[in-house]
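Data block below; observations after.
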Amino acid sequence: LYTTVAMVMRYVGGQYQAGGEFFGAVAAPAFGNLGAASIFSPNSLILMCMLSNAFISHFIAPKLYSELKDNTMPRFYKMTGLSFAATILLYSVISGAGFLTFGAASNGYILNNYATGDFLMSLSRVAIAVSITASYPLLFCGTRDGVLDMFKIKERSNGLLNKVTVGILALVTLMASRLTDLGLVASLGGATFGTALVFLYPCLMFLKHQAKKGEKGNFETVLTKIIAVLGVTMGVIGTKMALKG
């Protein structure tokens, strides 16, 4: 939230525009001339794939539900709806403020665009580091449990969990030390895992449920198939554009 406010302040204040305090300290803002027509470019799918990462939290839904106070489905629906709304708002503001400030010069990790001498944005880097440190265990536990489920390991002693934890952390750390383009990581991950989790897997589960009920040709089933096809199409094109970019 602090980073969102700081980015909006820097855009409104114009410190990175021509004549601004930090203009020239970093890459100059660059804007094209296509305007709104650029949304029809295949490159726009890269952004869509990146945004898919905002909603990859399906694997911790059972844990969140079990830990919710008075965990009824209506309360869970309300919590999910409010969380998604807040996420959409924050992503929209951050994306808008970053692009309006730097345009095509925007880095895959937008904070890299801001000058190192910008104290306000330096605090944002600290805030992001704290946020990642605090939220990473939630994502990691889902990954670790998913790996154990994939290999159908039911007996999970503390010793086994510790070994798997160290092994996965070592692999992730090695990959992180080699991959420096966060934009590529976000877009490629969103195009593959993001679109699969958001568009494809829910559709496949719904279609299987409908098949068991004997409802294969109703409107909901047809619409679900269309969404699944669009999700696969967006993922394929997004992956191609991310690797090309």
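Ordering of the structure tokens sets the chain letters (A, B, ...); residue numbers start at 1 within each chain; ligands are numbered from 1 in the order shown.
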As number ranges by chain, please: the residues near Leu68 in chain A (cut-off 12 Å, only C-alpha atoms, same-chain neighbours under 6 positions excluded). A: 61-62, 74-80
Any chance you could export the current selection's C-alpha atoms as a tab-separated table (two decimals), in the first residue's frame?
```tsv
chain	number	residue	atom	x	y	z
A	61	ALA	CA	-7.83	-21.54	-0.26
A	62	PRO	CA	-8.54	-24.60	1.97
A	74	PRO	CA	-21.05	-16.94	2.83
A	75	ARG	CA	-18.28	-15.41	4.98
A	76	PHE	CA	-15.64	-17.07	2.80
A	77	TYR	CA	-17.31	-15.72	-0.36
A	78	LYS	CA	-17.36	-12.24	1.15
A	79	MET	CA	-13.69	-12.44	2.16
A	80	THR	CA	-12.73	-13.70	-1.30
```
With a cut-off of 9 Å, could you pull out the residues of range 83-199 of chain A touching range 13-31 of chain A and give me the nearest pair of atoms for each, distance in Å to one decimal, using only C-alpha atoms, ordered by chain and ascending number, as a Markdown table?
```
| residue | atom | partner | partner_atom | distance |
| --- | --- | --- | --- | --- |
| A:Phe99 | CA | A:Pro29 | CA | 9.0 |
| A:Leu100 | CA | A:Pro29 | CA | 8.7 |
| A:Thr101 | CA | A:Pro29 | CA | 6.7 |
| A:Phe102 | CA | A:Pro29 | CA | 4.1 |
| A:Gly103 | CA | A:Ala30 | CA | 5.1 |
| A:Ala104 | CA | A:Ala30 | CA | 5.2 |
| A:Ala105 | CA | A:Ala30 | CA | 5.7 |
| A:Ser106 | CA | A:Pro29 | CA | 7.9 |
| A:Asn113 | CA | A:Val26 | CA | 6.5 |
| A:Tyr114 | CA | A:Val26 | CA | 6.8 |
| A:Ala115 | CA | A:Val26 | CA | 6.0 |
| A:Thr116 | CA | A:Ala25 | CA | 8.7 |
| A:Gly117 | CA | A:Phe22 | CA | 8.5 |
| A:Asp118 | CA | A:Phe22 | CA | 7.8 |
```
Given only C-alpha atoms as the counted atoms, nearest of A:Leu47, A:Val8, A:Met73, A:Val166 to Leu90 in chain A: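 Result for the nearest residue to Leu90 in chain A: A:Val8.
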Residues at most 9 Å from range 233-235 of chain A, counting only C-alpha atoms, excluding those fewer than 3 positions away in the same chain, as a ChimeraX atom specification? /A:45,48-49,188,190-196,228-230,238-240
For the residues selected in the previous step, produce a file with C-alpha atoms as a compact mmCIF listing (two decimals), in the first residue's frame.
```txt
# COMPACT_ATOMS: atom_id res chain seq x y z
CA LEU A 45 -1.19 -10.36 -23.79
CA MET A 48 -2.55 -9.97 -19.23
CA CYS A 49 -0.29 -12.91 -18.38
CA LEU A 188 6.14 -16.46 -18.66
CA GLY A 190 1.57 -15.97 -15.83
CA ALA A 191 1.23 -17.30 -19.38
CA THR A 192 1.75 -20.89 -18.25
CA PHE A 193 0.81 -21.46 -14.62
CA GLY A 194 -1.33 -18.34 -14.27
CA THR A 195 -3.65 -18.95 -17.21
CA ALA A 196 -3.85 -22.66 -16.33
CA ALA A 228 -11.12 -22.79 -21.53
CA VAL A 229 -10.25 -22.37 -25.22
CA LEU A 230 -9.68 -18.63 -24.77
CA GLY A 238 1.41 -14.90 -24.24
CA THR A 239 4.20 -17.46 -23.87
CA LYS A 240 5.37 -16.83 -27.43
```
Report, in Å with one decimal, the straight-line distance from CA of Thr72 in chain A to CA of Phe84 in chain A. 18.4 Å
Just the residues within 10 Å of Gly167 in chain A, please, counting only C-alpha atoms, with nothing from its chain fewer than 6 positions along; format it as a list in words.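 So, after excluding close chain neighbours, the residues are Arg144, Leu161 and Thr173 of chain A.
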Using backbone DSSP assignments, extract all helix (DSSP H, G or I) residues from range 46-219 of chain A; output them as a PyMOL selection string. chain A and resi 46-55+58-67+73-102+110-113+119-150+158-178+182-213+219
I need the residues from that last selection saved to file as a compact mmCIF listing (two decimals), in the first residue's frame (with C-alpha atoms), if you can.
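Writing the result to selection30.txt gives the following:
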```
# COMPACT_ATOMS: atom_id res chain seq x y z
CA ILE A 46 2.14 -10.12 -21.96
CA LEU A 47 0.49 -7.71 -19.51
CA MET A 48 -2.55 -9.97 -19.23
CA CYS A 49 -0.29 -12.91 -18.38
CA MET A 50 1.51 -10.84 -15.76
CA LEU A 51 -1.80 -9.84 -14.19
CA SER A 52 -2.77 -13.52 -13.94
CA ASN A 53 -0.15 -13.82 -11.20
CA ALA A 54 -2.29 -11.59 -8.98
CA PHE A 55 -4.88 -14.33 -8.57
CA HIS A 58 -6.06 -21.34 -5.22
CA PHE A 59 -3.75 -23.77 -3.43
CA ILE A 60 -4.05 -21.97 -0.08
CA ALA A 61 -7.83 -21.54 -0.26
CA PRO A 62 -8.54 -24.60 1.97
CA LYS A 63 -6.05 -23.35 4.57
CA LEU A 64 -7.58 -19.86 4.55
CA TYR A 65 -11.07 -21.31 4.86
CA SER A 66 -10.13 -23.56 7.78
CA GLU A 67 -8.47 -20.66 9.63
CA MET A 73 -19.28 -20.34 2.97
CA PRO A 74 -21.05 -16.94 2.83
CA ARG A 75 -18.28 -15.41 4.98
CA PHE A 76 -15.64 -17.07 2.80
CA TYR A 77 -17.31 -15.72 -0.36
CA LYS A 78 -17.36 -12.24 1.15
CA MET A 79 -13.69 -12.44 2.16
CA THR A 80 -12.73 -13.70 -1.30
CA GLY A 81 -14.73 -11.00 -3.06
CA LEU A 82 -13.24 -8.20 -0.96
CA SER A 83 -9.72 -9.60 -1.40
CA PHE A 84 -10.08 -9.81 -5.18
CA ALA A 85 -11.53 -6.31 -5.35
CA ALA A 86 -8.63 -4.88 -3.31
CA THR A 87 -6.10 -6.76 -5.46
CA ILE A 88 -7.65 -5.47 -8.70
CA LEU A 89 -7.61 -1.92 -7.37
CA LEU A 90 -3.98 -2.06 -6.23
CA TYR A 91 -2.76 -3.72 -9.44
CA SER A 92 -4.61 -1.17 -11.56
CA VAL A 93 -3.21 1.82 -9.66
CA ILE A 94 0.36 0.46 -9.57
CA SER A 95 0.33 -0.50 -13.26
CA GLY A 96 -1.17 2.83 -14.25
CA ALA A 97 1.18 4.94 -12.14
CA GLY A 98 4.25 3.03 -13.32
CA PHE A 99 3.36 3.19 -17.01
CA LEU A 100 2.25 6.82 -16.94
CA THR A 101 5.57 7.72 -15.30
CA PHE A 102 7.97 5.73 -17.50
CA ILE A 110 9.22 -1.21 -11.78
CA LEU A 111 11.12 -0.02 -8.70
CA ASN A 112 14.34 -0.34 -10.71
CA ASN A 113 13.13 2.63 -12.75
CA PHE A 119 14.50 8.30 -0.60
CA LEU A 120 10.72 7.87 -0.91
CA MET A 121 11.11 5.03 -3.40
CA SER A 122 14.05 3.52 -1.50
CA LEU A 123 11.66 3.02 1.39
CA SER A 124 9.35 1.28 -1.07
CA ARG A 125 12.10 -1.22 -1.84
CA VAL A 126 12.42 -1.95 1.88
CA ALA A 127 8.64 -2.31 2.17
CA ILE A 128 8.53 -4.77 -0.74
CA ALA A 129 11.36 -6.80 0.81
CA VAL A 130 9.45 -7.04 4.10
CA SER A 131 6.25 -7.99 2.25
CA ILE A 132 7.98 -10.76 0.29
CA THR A 133 9.65 -12.11 3.43
CA ALA A 134 6.33 -12.22 5.28
CA SER A 135 4.24 -13.69 2.45
CA TYR A 136 6.74 -16.18 1.01
CA PRO A 137 6.06 -18.91 3.60
CA LEU A 138 2.39 -19.03 2.50
CA LEU A 139 3.37 -19.63 -1.12
CA PHE A 140 6.19 -21.99 -0.22
CA CYS A 141 4.01 -24.24 1.94
CA GLY A 142 1.61 -24.63 -0.97
CA THR A 143 4.48 -25.54 -3.29
CA ARG A 144 5.98 -28.03 -0.84
CA ASP A 145 2.64 -29.72 -0.17
CA GLY A 146 1.95 -29.84 -3.90
CA VAL A 147 5.26 -31.60 -4.56
CA LEU A 148 4.52 -34.17 -1.84
CA ASP A 149 1.01 -34.71 -3.21
CA MET A 150 2.39 -35.13 -6.74
CA ASN A 158 9.22 -33.51 10.45
CA GLY A 159 12.49 -34.89 9.12
CA LEU A 160 11.01 -35.42 5.65
CA LEU A 161 9.41 -31.96 5.62
CA ASN A 162 12.73 -30.38 6.61
CA LYS A 163 14.62 -32.20 3.83
CA VAL A 164 12.04 -31.28 1.19
CA THR A 165 12.04 -27.68 2.42
CA VAL A 166 15.81 -27.36 2.15
CA GLY A 167 15.84 -29.04 -1.26
CA ILE A 168 13.15 -26.83 -2.80
CA LEU A 169 14.64 -23.69 -1.26
CA ALA A 170 18.05 -24.54 -2.68
CA LEU A 171 16.58 -25.08 -6.15
CA VAL A 172 14.54 -21.89 -6.03
CA THR A 173 17.53 -19.88 -4.77
CA LEU A 174 19.72 -21.23 -7.58
CA MET A 175 17.12 -20.32 -10.19
CA ALA A 176 16.65 -16.86 -8.67
CA SER A 177 20.39 -16.21 -8.86
CA ARG A 178 20.35 -16.99 -12.59
CA LEU A 182 11.66 -10.32 -13.42
CA GLY A 183 9.45 -9.18 -16.28
CA LEU A 184 10.18 -12.42 -18.16
CA VAL A 185 9.59 -14.50 -15.03
CA ALA A 186 6.25 -12.80 -14.34
CA SER A 187 5.00 -12.89 -17.93
CA LEU A 188 6.14 -16.46 -18.66
CA GLY A 189 4.88 -17.73 -15.31
CA GLY A 190 1.57 -15.97 -15.83
CA ALA A 191 1.23 -17.30 -19.38
CA THR A 192 1.75 -20.89 -18.25
CA PHE A 193 0.81 -21.46 -14.62
CA GLY A 194 -1.33 -18.34 -14.27
CA THR A 195 -3.65 -18.95 -17.21
CA ALA A 196 -3.85 -22.66 -16.33
CA LEU A 197 -4.93 -21.98 -12.75
CA VAL A 198 -7.25 -19.08 -13.57
CA PHE A 199 -8.85 -20.26 -16.81
CA LEU A 200 -8.12 -23.90 -17.62
CA TYR A 201 -8.20 -26.01 -14.45
CA PRO A 202 -11.44 -24.55 -13.01
CA CYS A 203 -13.12 -25.11 -16.38
CA LEU A 204 -11.93 -28.73 -16.55
CA MET A 205 -13.16 -29.42 -13.01
CA PHE A 206 -16.55 -27.84 -13.77
CA LEU A 207 -16.91 -29.83 -17.01
CA LYS A 208 -16.11 -33.07 -15.21
CA HIS A 209 -18.69 -32.21 -12.55
CA GLN A 210 -21.29 -31.46 -15.23
CA ALA A 211 -20.48 -34.74 -16.99
CA LYS A 212 -21.15 -36.67 -13.78
CA LYS A 213 -24.53 -34.94 -13.51
CA PHE A 219 -25.41 -23.02 -21.77
```
